[in-house]
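Next up, data-v1.pdb (PDB, C-alpha atoms and all ligand atoms):
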```pdb
ATOM      1  CA  MET A   1     147.277  93.633 169.326  1.00  0.00           C
ATOM      2  CA  ALA A   2     145.954  95.259 166.122  1.00  0.00           C
ATOM      3  CA  GLN A   3     144.893  92.090 164.294  1.00  0.00           C
ATOM      4  CA  PRO A   4     143.247  89.885 166.945  1.00  0.00           C
ATOM      5  CA  VAL A   5     140.754  92.575 167.973  1.00  0.00           C
ATOM      6  CA  GLY A   6     137.686  91.485 166.060  1.00  0.00           C
ATOM      7  CA  ALA A   7     139.729  89.559 163.480  1.00  0.00           C
ATOM      8  CA  THR A   8     137.289  86.644 163.497  1.00  0.00           C
ATOM      9  CA  ALA A   9     134.223  88.866 163.193  1.00  0.00           C
ATOM     10  CA  HIS A  10     135.887  91.014 160.534  1.00  0.00           C
ATOM     11  CA  TRP A  11     136.857  88.120 158.288  1.00  0.00           C
ATOM     12  CA  GLN A  12     133.626  86.181 158.840  1.00  0.00           C
ATOM     13  CA  ALA A  13     131.752  89.289 157.696  1.00  0.00           C
ATOM     14  CA  VAL A  14     134.034  89.667 154.662  1.00  0.00           C
ATOM     15  CA  TYR A  15     133.354  86.084 153.588  1.00  0.00           C
ATOM     16  CA  ALA A  16     129.622  86.452 154.312  1.00  0.00           C
ATOM     17  CA  ARG A  17     129.298  89.357 151.872  1.00  0.00           C
ATOM     18  CA  THR A  18     131.875  88.237 149.263  1.00  0.00           C
ATOM     19  CA  GLU A  19     131.556  85.190 147.072  1.00  0.00           C
ATOM     20  CA  SER A  20     134.972  83.502 147.212  1.00  0.00           C
ATOM     21  CA  ARG A  21     135.552  83.791 143.438  1.00  0.00           C
ATOM     22  CA  SER A  22     134.949  87.542 143.502  1.00  0.00           C
ATOM     23  CA  ALA A  23     137.311  88.326 146.406  1.00  0.00           C
ATOM     24  CA  SER A  24     140.186  90.536 145.224  1.00  0.00           C
ATOM     25  CA  TRP A  25     142.726  87.880 146.257  1.00  0.00           C
ATOM     26  CA  TYR A  26     140.986  85.018 144.387  1.00  0.00           C
ATOM     27  CA  GLN A  27     143.138  82.901 142.078  1.00  0.00           C
ATOM     28  CA  ASP A  28     141.986  80.043 139.915  1.00  0.00           C
ATOM     29  CA  GLN A  29     145.502  78.627 139.921  1.00  0.00           C
ATOM     30  CA  PRO A  30     147.926  79.523 142.717  1.00  0.00           C
ATOM     31  CA  ALA A  31     150.825  79.320 140.269  1.00  0.00           C
ATOM     32  CA  MET A  32     153.453  81.285 142.228  1.00  0.00           C
ATOM     33  CA  SER A  33     152.694  79.417 145.476  1.00  0.00           C
ATOM     34  CA  LEU A  34     153.050  76.070 143.719  1.00  0.00           C
ATOM     35  CA  ARG A  35     156.241  77.138 141.955  1.00  0.00           C
ATOM     36  CA  LEU A  36     157.919  78.278 145.180  1.00  0.00           C
ATOM     37  CA  LEU A  37     156.773  75.294 147.259  1.00  0.00           C
ATOM     38  CA  SER A  38     157.965  72.944 144.560  1.00  0.00           C
ATOM     39  CA  ALA A  39     161.320  74.767 144.296  1.00  0.00           C
ATOM     40  CA  GLY A  40     161.675  74.126 148.032  1.00  0.00           C
ATOM     41  CA  GLY A  41     161.159  70.415 147.539  1.00  0.00           C
ATOM     42  CA  VAL A  42     157.652  70.442 149.002  1.00  0.00           C
ATOM     43  CA  GLY A  43     155.844  67.654 147.153  1.00  0.00           C
ATOM     44  CA  PRO A  44     154.260  64.258 147.707  1.00  0.00           C
ATOM     45  CA  GLY A  45     155.185  63.041 151.182  1.00  0.00           C
ATOM     46  CA  SER A  46     155.675  66.595 152.516  1.00  0.00           C
ATOM     47  CA  SER A  47     153.520  68.382 155.043  1.00  0.00           C
ATOM     48  CA  VAL A  48     152.267  71.916 154.396  1.00  0.00           C
ATOM     49  CA  VAL A  49     150.346  74.433 156.477  1.00  0.00           C
ATOM     50  CA  ASP A  50     148.603  77.242 154.614  1.00  0.00           C
ATOM     51  CA  VAL A  51     148.140  79.943 157.262  1.00  0.00           C
ATOM     52  CA  GLY A  52     145.256  82.283 156.542  1.00  0.00           C
ATOM     53  CA  GLY A  53     144.469  79.983 153.663  1.00  0.00           C
ATOM     54  CA  GLY A  54     140.799  80.961 153.661  1.00  0.00           C
ATOM     55  CA  ALA A  55     138.942  79.528 150.666  1.00  0.00           C
ATOM     56  CA  SER A  56     142.129  79.406 148.559  1.00  0.00           C
ATOM     57  CA  THR A  57     142.438  76.805 145.804  1.00  0.00           C
ATOM     58  CA  LEU A  58     145.982  75.981 146.982  1.00  0.00           C
ATOM     59  CA  VAL A  59     144.732  72.984 148.972  1.00  0.00           C
ATOM     60  CA  ASP A  60     143.031  71.570 145.840  1.00  0.00           C
ATOM     61  CA  ALA A  61     146.204  72.021 143.808  1.00  0.00           C
ATOM     62  CA  LEU A  62     148.395  70.410 146.470  1.00  0.00           C
ATOM     63  CA  LEU A  63     146.069  67.412 146.793  1.00  0.00           C
ATOM     64  CA  ASP A  64     146.074  67.132 142.975  1.00  0.00           C
ATOM     65  CA  ARG A  65     149.860  66.933 143.146  1.00  0.00           C
ATOM     66  CA  GLY A  66     149.854  64.156 145.713  1.00  0.00           C
ATOM     67  CA  VAL A  67     150.665  66.283 148.770  1.00  0.00           C
ATOM     68  CA  THR A  68     148.422  64.454 151.202  1.00  0.00           C
ATOM     69  CA  ASP A  69     149.420  66.165 154.466  1.00  0.00           C
ATOM     70  CA  VAL A  70     147.870  69.613 153.978  1.00  0.00           C
ATOM     71  CA  THR A  71     146.527  71.793 156.796  1.00  0.00           C
ATOM     72  CA  VAL A  72     144.504  74.928 156.088  1.00  0.00           C
ATOM     73  CA  LEU A  73     144.270  77.322 159.029  1.00  0.00           C
ATOM     74  CA  ASP A  74     142.066  80.394 158.998  1.00  0.00           C
ATOM     75  CA  VAL A  75     140.328  82.625 161.490  1.00  0.00           C
ATOM     76  CA  ALA A  76     137.133  82.491 159.358  1.00  0.00           C
ATOM     77  CA  GLN A  77     135.287  79.186 159.629  1.00  0.00           C
ATOM     78  CA  SER A  78     133.039  80.215 156.714  1.00  0.00           C
ATOM     79  CA  ALA A  79     136.054  80.459 154.376  1.00  0.00           C
ATOM     80  CA  LEU A  80     137.173  76.963 155.329  1.00  0.00           C
ATOM     81  CA  ASP A  81     133.606  75.702 154.797  1.00  0.00           C
ATOM     82  CA  THR A  82     133.648  77.147 151.268  1.00  0.00           C
ATOM     83  CA  ALA A  83     136.869  75.306 150.472  1.00  0.00           C
ATOM     84  CA  ARG A  84     135.521  72.080 151.985  1.00  0.00           C
ATOM     85  CA  ARG A  85     132.307  72.303 149.966  1.00  0.00           C
ATOM     86  CA  ARG A  86     134.327  72.892 146.802  1.00  0.00           C
ATOM     87  CA  LEU A  87     136.492  69.849 147.513  1.00  0.00           C
ATOM     88  CA  GLY A  88     133.503  67.631 148.275  1.00  0.00           C
ATOM     89  CA  ASP A  89     134.601  64.077 149.026  1.00  0.00           C
ATOM     90  CA  ARG A  90     138.253  65.136 148.952  1.00  0.00           C
ATOM     91  CA  ALA A  91     137.821  67.600 151.862  1.00  0.00           C
ATOM     92  CA  GLY A  92     138.529  64.824 154.341  1.00  0.00           C
ATOM     93  CA  ALA A  93     142.000  64.438 152.867  1.00  0.00           C
ATOM     94  CA  ALA A  94     143.065  67.812 154.313  1.00  0.00           C
ATOM     95  CA  HIS A  95     143.182  69.098 157.904  1.00  0.00           C
ATOM     96  CA  TRP A  96     141.147  72.198 158.727  1.00  0.00           C
ATOM     97  CA  MET A  97     141.787  74.551 161.637  1.00  0.00           C
ATOM     98  CA  ALA A  98     139.455  77.467 162.366  1.00  0.00           C
ATOM     99  CA  ARG A  99     141.566  79.697 164.572  1.00  0.00           C
ATOM    100  CA  ASP A 100     143.650  82.825 164.892  1.00  0.00           C
ATOM    101  CA  LEU A 101     147.188  82.005 163.868  1.00  0.00           C
ATOM    102  CA  LEU A 102     148.592  84.579 166.307  1.00  0.00           C
ATOM    103  CA  THR A 103     147.353  82.556 169.291  1.00  0.00           C
ATOM    104  CA  TRP A 104     148.014  79.139 167.758  1.00  0.00           C
ATOM    105  CA  SER A 105     150.282  76.717 169.642  1.00  0.00           C
ATOM    106  CA  PRO A 106     151.257  74.192 166.959  1.00  0.00           C
ATOM    107  CA  LEU A 107     151.293  70.593 168.204  1.00  0.00           C
ATOM    108  CA  ARG A 108     153.423  69.388 165.292  1.00  0.00           C
ATOM    109  CA  ARG A 109     155.807  70.701 162.647  1.00  0.00           C
ATOM    110  CA  TYR A 110     155.433  71.188 158.899  1.00  0.00           C
ATOM    111  CA  ALA A 111     157.930  70.978 156.042  1.00  0.00           C
ATOM    112  CA  GLY A 112     156.223  73.876 154.293  1.00  0.00           C
ATOM    113  CA  TRP A 113     154.729  77.088 155.713  1.00  0.00           C
ATOM    114  CA  HIS A 114     152.693  79.033 153.171  1.00  0.00           C
ATOM    115  CA  ASP A 115     151.230  82.497 153.673  1.00  0.00           C
ATOM    116  CA  ARG A 116     149.706  84.495 150.839  1.00  0.00           C
ATOM    117  CA  ALA A 117     148.357  87.903 151.820  1.00  0.00           C
ATOM    118  CA  VAL A 118     148.199  87.477 155.608  1.00  0.00           C
ATOM    119  CA  PHE A 119     151.500  88.738 157.091  1.00  0.00           C
ATOM    120  CA  HIS A 120     150.971  92.145 155.459  1.00  0.00           C
ATOM    121  CA  PHE A 121     147.924  92.739 157.702  1.00  0.00           C
ATOM    122  CA  LEU A 122     150.190  92.753 160.760  1.00  0.00           C
ATOM    123  CA  THR A 123     150.709  96.476 161.194  1.00  0.00           C
ATOM    124  CA  ASP A 124     151.661  96.093 164.852  1.00  0.00           C
ATOM    125  CA  ALA A 125     155.233  95.005 165.740  1.00  0.00           C
ATOM    126  CA  ALA A 126     153.969  92.857 168.637  1.00  0.00           C
ATOM    127  CA  ASP A 127     151.745  90.894 166.228  1.00  0.00           C
ATOM    128  CA  ARG A 128     154.685  90.337 163.883  1.00  0.00           C
ATOM    129  CA  ASP A 129     156.657  88.992 166.880  1.00  0.00           C
ATOM    130  CA  ARG A 130     153.788  86.624 167.653  1.00  0.00           C
ATOM    131  CA  TYR A 131     153.703  85.501 164.023  1.00  0.00           C
ATOM    132  CA  ARG A 132     157.443  84.722 164.070  1.00  0.00           C
ATOM    133  CA  ARG A 133     157.098  82.758 167.315  1.00  0.00           C
ATOM    134  CA  VAL A 134     154.313  80.620 165.836  1.00  0.00           C
ATOM    135  CA  LEU A 135     156.315  80.124 162.638  1.00  0.00           C
ATOM    136  CA  GLU A 136     159.366  78.997 164.652  1.00  0.00           C
ATOM    137  CA  ALA A 137     157.218  76.504 166.562  1.00  0.00           C
ATOM    138  CA  ALA A 138     155.510  75.118 163.446  1.00  0.00           C
ATOM    139  CA  LEU A 139     158.433  74.825 161.027  1.00  0.00           C
ATOM    140  CA  ALA A 140     160.240  71.489 160.692  1.00  0.00           C
ATOM    141  CA  PRO A 141     164.043  71.358 160.516  1.00  0.00           C
ATOM    142  CA  ARG A 142     165.058  72.564 157.043  1.00  0.00           C
ATOM    143  CA  GLY A 143     161.439  73.619 156.509  1.00  0.00           C
ATOM    144  CA  GLN A 144     160.582  76.032 153.735  1.00  0.00           C
ATOM    145  CA  VAL A 145     158.668  79.277 154.247  1.00  0.00           C
ATOM    146  CA  VAL A 146     156.784  80.725 151.273  1.00  0.00           C
ATOM    147  CA  LEU A 147     155.456  84.221 151.871  1.00  0.00           C
ATOM    148  CA  GLY A 148     153.558  86.537 149.545  1.00  0.00           C
ATOM    149  CA  VAL A 149     152.680  90.106 150.578  1.00  0.00           C
ATOM    150  CA  PHE A 150     151.737  93.343 148.835  1.00  0.00           C
ATOM    151  CA  ALA A 151     154.812  94.923 147.234  1.00  0.00           C
ATOM    152  CA  GLU A 152     156.015  98.500 147.919  1.00  0.00           C
ATOM    153  CA  ASP A 153     153.813  99.707 145.061  1.00  0.00           C
ATOM    154  CA  GLY A 154     150.881  97.468 145.987  1.00  0.00           C
ATOM    155  CA  PRO A 155     147.571  98.526 147.570  1.00  0.00           C
ATOM    156  CA  GLN A 156     147.648 100.244 150.950  1.00  0.00           C
ATOM    157  CA  THR A 157     144.529  98.480 152.213  1.00  0.00           C
ATOM    158  CA  CYS A 158     142.735  95.203 151.649  1.00  0.00           C
ATOM    159  CA  SER A 159     139.227  94.328 152.802  1.00  0.00           C
ATOM    160  CA  GLY A 160     139.057  97.653 154.619  1.00  0.00           C
ATOM    161  CA  LEU A 161     142.193  96.935 156.679  1.00  0.00           C
ATOM    162  CA  PRO A 162     145.526  98.764 156.403  1.00  0.00           C
ATOM    163  CA  VAL A 163     148.510  96.715 155.289  1.00  0.00           C
ATOM    164  CA  VAL A 164     152.284  97.043 155.459  1.00  0.00           C
ATOM    165  CA  ARG A 165     153.869  96.836 152.005  1.00  0.00           C
ATOM    166  CA  TYR A 166     157.272  95.234 151.521  1.00  0.00           C
ATOM    167  CA  GLY A 167     160.033  94.962 148.962  1.00  0.00           C
ATOM    168  CA  PRO A 168     162.163  91.815 149.129  1.00  0.00           C
ATOM    169  CA  GLN A 169     164.801  93.366 151.432  1.00  0.00           C
ATOM    170  CA  GLU A 170     162.239  94.808 153.840  1.00  0.00           C
ATOM    171  CA  LEU A 171     160.387  91.502 154.014  1.00  0.00           C
ATOM    172  CA  ALA A 172     163.592  89.517 154.532  1.00  0.00           C
ATOM    173  CA  ALA A 173     164.536  91.893 157.380  1.00  0.00           C
ATOM    174  CA  GLN A 174     161.347  90.807 159.180  1.00  0.00           C
ATOM    175  CA  PHE A 175     162.768  87.292 159.508  1.00  0.00           C
ATOM    176  CA  PRO A 176     166.144  87.427 161.242  1.00  0.00           C
ATOM    177  CA  GLY A 177     167.694  83.981 161.491  1.00  0.00           C
ATOM    178  CA  PHE A 178     166.282  83.033 158.084  1.00  0.00           C
ATOM    179  CA  VAL A 179     167.948  83.214 154.683  1.00  0.00           C
ATOM    180  CA  VAL A 180     166.291  84.074 151.412  1.00  0.00           C
ATOM    181  CA  LEU A 181     166.487  81.240 148.899  1.00  0.00           C
ATOM    182  CA  GLN A 182     164.304  82.866 146.261  1.00  0.00           C
ATOM    183  CA  ALA A 183     162.659  86.253 145.718  1.00  0.00           C
ATOM    184  CA  GLU A 184     159.976  86.944 143.125  1.00  0.00           C
ATOM    185  CA  ARG A 185     157.609  89.705 142.098  1.00  0.00           C
ATOM    186  CA  GLU A 186     154.146  88.897 140.845  1.00  0.00           C
ATOM    187  CA  GLU A 187     151.417  91.057 139.370  1.00  0.00           C
ATOM    188  CA  HIS A 188     148.178  89.552 140.621  1.00  0.00           C
ATOM    189  CA  HIS A 189     145.127  90.356 138.476  1.00  0.00           C
ATOM    190  CA  THR A 190     142.033  90.655 140.631  1.00  0.00           C
ATOM    191  CA  PRO A 191     138.665  89.348 139.356  1.00  0.00           C
ATOM    192  CA  THR A 192     137.713  92.972 138.577  1.00  0.00           C
ATOM    193  CA  GLY A 193     140.833  93.493 136.482  1.00  0.00           C
ATOM    194  CA  HIS A 194     143.002  95.489 138.912  1.00  0.00           C
ATOM    195  CA  VAL A 195     146.697  94.733 139.211  1.00  0.00           C
ATOM    196  CA  GLN A 196     148.148  94.075 142.674  1.00  0.00           C
ATOM    197  CA  PRO A 197     151.938  93.713 142.790  1.00  0.00           C
ATOM    198  CA  PHE A 198     153.157  91.111 145.275  1.00  0.00           C
ATOM    199  CA  THR A 199     156.588  90.440 146.785  1.00  0.00           C
ATOM    200  CA  TRP A 200     157.302  86.754 147.312  1.00  0.00           C
ATOM    201  CA  LEU A 201     160.087  85.152 149.320  1.00  0.00           C
ATOM    202  CA  ARG A 202     161.142  81.585 149.931  1.00  0.00           C
ATOM    203  CA  LEU A 203     163.094  81.307 153.170  1.00  0.00           C
ATOM    204  CA  THR A 204     164.671  78.700 155.390  1.00  0.00           C
ATOM    205  CA  ARG A 205     166.401  78.865 158.754  1.00  0.00           C
ATOM    206  CA  ALA A 206     169.973  80.062 158.303  1.00  0.00           C
ATOM    207  CA  ASP A 207     171.408  77.552 160.781  1.00  0.00           C
ATOM    208  CA  GLN A 208     169.933  74.614 158.867  1.00  0.00           C
ATOM    209  CA  LEU A 209     171.324  75.294 155.443  1.00  0.00           C
ATOM    210  CA  THR A 210     173.532  72.491 154.184  1.00  0.00           C
ATOM    211  CA  PRO A 211     176.852  74.048 153.223  1.00  0.00           C
ATOM    212  CA  THR A 212     177.723  73.463 149.578  1.00  0.00           C
ATOM    213  CA  TRP A 213     181.430  73.853 150.362  1.00  0.00           C
ATOM    214  CA  ALA A 214     183.390  72.737 153.387  1.00  0.00           C
ATOM    215  CA  PRO A 215     187.119  72.783 154.088  1.00  0.00           C
ATOM    216  CA  ALA A 216     188.900  69.474 153.532  1.00  0.00           C
ATOM    217  CA  PRO A 217     189.228  67.554 156.821  1.00  0.00           C
ATOM    218  CA  ALA A 218     192.602  67.864 158.518  1.00  0.00           C
ATOM    219  CA  PRO A 219     194.789  64.747 158.035  1.00  0.00           C
ATOM    220  CA  GLN A 220     194.440  62.400 161.019  1.00  0.00           C
ATOM    221  CA  PRO A 221     197.564  61.106 162.731  1.00  0.00           C
ATOM    222  CA  GLY A 222     198.575  57.686 161.484  1.00  0.00           C
ATOM    223  CA  ARG A 223     196.272  57.819 158.483  1.00  0.00           C
ATOM    224  CA  VAL A 224     197.693  57.663 154.987  1.00  0.00           C
ATOM    225  CA  VAL A 225     196.148  60.339 152.800  1.00  0.00           C
TER     226      VAL A 225
HETATM  227  C1  LIG A 301     143.519  88.317 151.800  1.00  0.00           C
HETATM  228  S1  LIG A 301     142.914  86.836 152.394  1.00  0.00           S
HETATM  229  C2  LIG A 301     144.007  85.640 151.630  1.00  0.00           C
HETATM  230  C3  LIG A 301     143.444  84.245 151.639  1.00  0.00           C
HETATM  231  C4  LIG A 301     144.347  83.181 151.027  1.00  0.00           C
HETATM  232  N1  LIG A 301     145.647  83.159 151.659  1.00  0.00           N
HETATM  233  C5  LIG A 301     144.490  83.358 149.545  1.00  0.00           C
HETATM  234  O1  LIG A 301     145.579  83.688 149.071  1.00  0.00           O
HETATM  235  O2  LIG A 301     143.496  83.149 148.833  1.00  0.00           O
HETATM  236  C6  LIG A 301     143.522  86.856 154.079  1.00  0.00           C
HETATM  237  C7  LIG A 301     143.090  85.629 154.852  1.00  0.00           C
HETATM  238  O3  LIG A 301     143.739  85.628 156.114  1.00  0.00           O
HETATM  239  C8  LIG A 301     142.825  85.239 157.112  1.00  0.00           C
HETATM  240  N2  LIG A 301     143.337  85.813 158.368  1.00  0.00           N
HETATM  241  C9  LIG A 301     143.537  87.117 158.658  1.00  0.00           C
HETATM  242  N3  LIG A 301     144.062  87.251 159.893  1.00  0.00           N
HETATM  243  C10 LIG A 301     144.207  85.986 160.381  1.00  0.00           C
HETATM  244  C11 LIG A 301     144.702  85.459 161.604  1.00  0.00           C
HETATM  245  N4  LIG A 301     145.171  86.266 162.568  1.00  0.00           N
HETATM  246  N5  LIG A 301     144.715  84.112 161.768  1.00  0.00           N
HETATM  247  C12 LIG A 301     144.257  83.281 160.784  1.00  0.00           C
HETATM  248  N6  LIG A 301     143.764  83.740 159.613  1.00  0.00           N
HETATM  249  C13 LIG A 301     143.740  85.067 159.404  1.00  0.00           C
HETATM  250  C14 LIG A 301     141.499  85.805 156.638  1.00  0.00           C
HETATM  251  O4  LIG A 301     140.377  85.186 157.215  1.00  0.00           O
HETATM  252  C15 LIG A 301     141.602  85.567 155.139  1.00  0.00           C
HETATM  253  O5  LIG A 301     141.105  84.306 154.784  1.00  0.00           O
END
```
Is it possible to give me this structure as C-alpha cells?
Ligand SMILES: C[S@@+](CC[C@H](N)C(=O)[O-])C[C@H]1O[C@@H](n2cnc3c(N)ncnc32)[C@H](O)[C@@H]1O
Amino acid sequence: MAQPVGATAHWQAVYARTESRSASWYQDQPAMSLRLLSAGGVGPGSSVVDVGGGASTLVDALLDRGVTDVTVLDVAQSALDTARRRLGDRAGAAHWMARDLLTWSPLRRYAGWHDRAVFHFLTDAADRDRYRRVLEAALAPRGQVVLGVFAEDGPQTCSGLPVVRYGPQELAAQFPGFVVLQAEREEHHTPTGHVQPFTWLRLTRADQLTPTWAPAPAPQPGRVV
C-alpha cells in the first residue's frame, strides 16, 4: 500500500506549493498523448479517462478536438480546480473526479485510458495489481490504453517520491493480457530545462484484437464454391 498512504495529502501539498506551469511534468501541448490517442482512433464521439490527470492541458486539447466525453480523475482536488479555472466556461464540458484511482470502482467504461506519469509511482506490486484491476474494470471492449512513464534512463524520483523506471519491454510485461500496438520514446523538457526521457506504450486487450488474417471457411456441404 505504498501510494495510498498520504497520497492525497502529498499531492495536495505539491500543488499548493507549485504553480501548475512550473511543475516538472508541465506541458503546454500534450503532443505525444494526442498522437497516441489519435492513432488508437480516440476522437470525437469517444470517451477518455485521464487518470492522475492533475492540472494537465490534455483535457483542453481533447475538448478542442471535439472529444466531448472526457473525465479527469486525480487524487488532488486542487489540481482539478486549477484545470477547471483555466477552462472557464468549458469546464462543465468535462467530468471531474477527485479520488484515488487505486480505490476507484468505475461505474462505466471508457474507449481511451490515458496515464502520463502516474503508473511509475507504484513501487509496490500490490498497488500495481490494484491499478490493473481498475483498468480492466474501466476499459471498454477494444479500448485503447496510452501510458507514459519515466524511461530506464529517466529520473529516479519525482516530487520527492521514488519511481519505477521502465523500458518498453518492462512496461509491456506489467500488462499481461494486453498487446503493444505502439511504443515510443519521448524526451520531455521540463520548465527549468531538464530532459526527462519517457517510455510510452499504446496497448489493447489481446483477446479483442481483430485478426487481419483468417483461414478461408471450410466449404459447406451442398454449397457450390
Ligand atoms: C507527475 S503528475 C502528472 C500529472 C498529469 N498526468 C500530467 O501529465 O500533467 C502525477 C499526478 O498523479 C496524481 N496521482 C498520484 N497518485 C494518484 C492516485 N493514486 N490516484 C489518482 N491520482 C494520483 C497526482 O495528484 C498528480 O496530479
Which value, in Å to one decimal, gives the distance between atom CA of A:Ser46 and atom C5 of ligand LIG 301 (chain A)? 20.4 Å
Do you know which residues are at most 10 Å from A:Ala31 counting only C-alpha atoms, after dropping those on the same chain fewer than 4 positions away, and could you put them as a VMD selection string? chain A and resid 27 35 to 36 58 61
Considering all atoms listed in the file, tabulate each residue of stretch 15-83 of chain A that lies at most 12 Å from stretch 149-160 of chain A along with its nearest interatomic pair and the corresponding distance in Å to one decimal; arrange the rows by chain and ascending residue number and present them as JSON lines.
```
{"residue": "A:Tyr15", "atom": "CA", "partner": "A:Ser159", "partner_atom": "CA", "distance": 10.2}
{"residue": "A:Arg17", "atom": "CA", "partner": "A:Ser159", "partner_atom": "CA", "distance": 11.1}
{"residue": "A:Thr18", "atom": "CA", "partner": "A:Ser159", "partner_atom": "CA", "distance": 10.2}
{"residue": "A:Ala23", "atom": "CA", "partner": "A:Ser159", "partner_atom": "CA", "distance": 9.0}
{"residue": "A:Ser24", "atom": "CA", "partner": "A:Cys158", "partner_atom": "CA", "distance": 8.3}
{"residue": "A:Trp25", "atom": "CA", "partner": "A:Cys158", "partner_atom": "CA", "distance": 9.1}
{"residue": "A:Ser33", "atom": "CA", "partner": "A:Val149", "partner_atom": "CA", "distance": 11.8}
```
All residues within 9 Å of ligand LIG 301 (chain A) are required, counting only C-alpha atoms and all ligand atoms; please report them as a ChimeraX atom specification. /A:3-4,7-8,10-12,14-15,20,23-27,30,50-58,73-80,98-104,114-119,121-122,127,131,148,158-159
Have a look at atom CA of A:Pro162 and atom CA of A:Asp124 and let me know their distance in Å, one decimal. 10.8 Å
When the PyMOL selection byres (((chain A and resi 110) around 8) and not hetatm) is applied to the structure above, which residues does it catch, written out as a PyMOL selection string? chain A and resi 46-49+108-109+111-113+138-140+143
Would you export the selected residues with C-alpha atoms as a compact mmCIF listing (two decimals), in the frame of the given file, please?
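Once everything was written out, this is part26.txt:
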```txt
# COMPACT_ATOMS: atom_id res chain seq x y z
CA SER A 46 155.68 66.60 152.52
CA SER A 47 153.52 68.38 155.04
CA VAL A 48 152.27 71.92 154.40
CA VAL A 49 150.35 74.43 156.48
CA ARG A 108 153.42 69.39 165.29
CA ARG A 109 155.81 70.70 162.65
CA ALA A 111 157.93 70.98 156.04
CA GLY A 112 156.22 73.88 154.29
CA TRP A 113 154.73 77.09 155.71
CA ALA A 138 155.51 75.12 163.45
CA LEU A 139 158.43 74.82 161.03
CA ALA A 140 160.24 71.49 160.69
CA GLY A 143 161.44 73.62 156.51
```
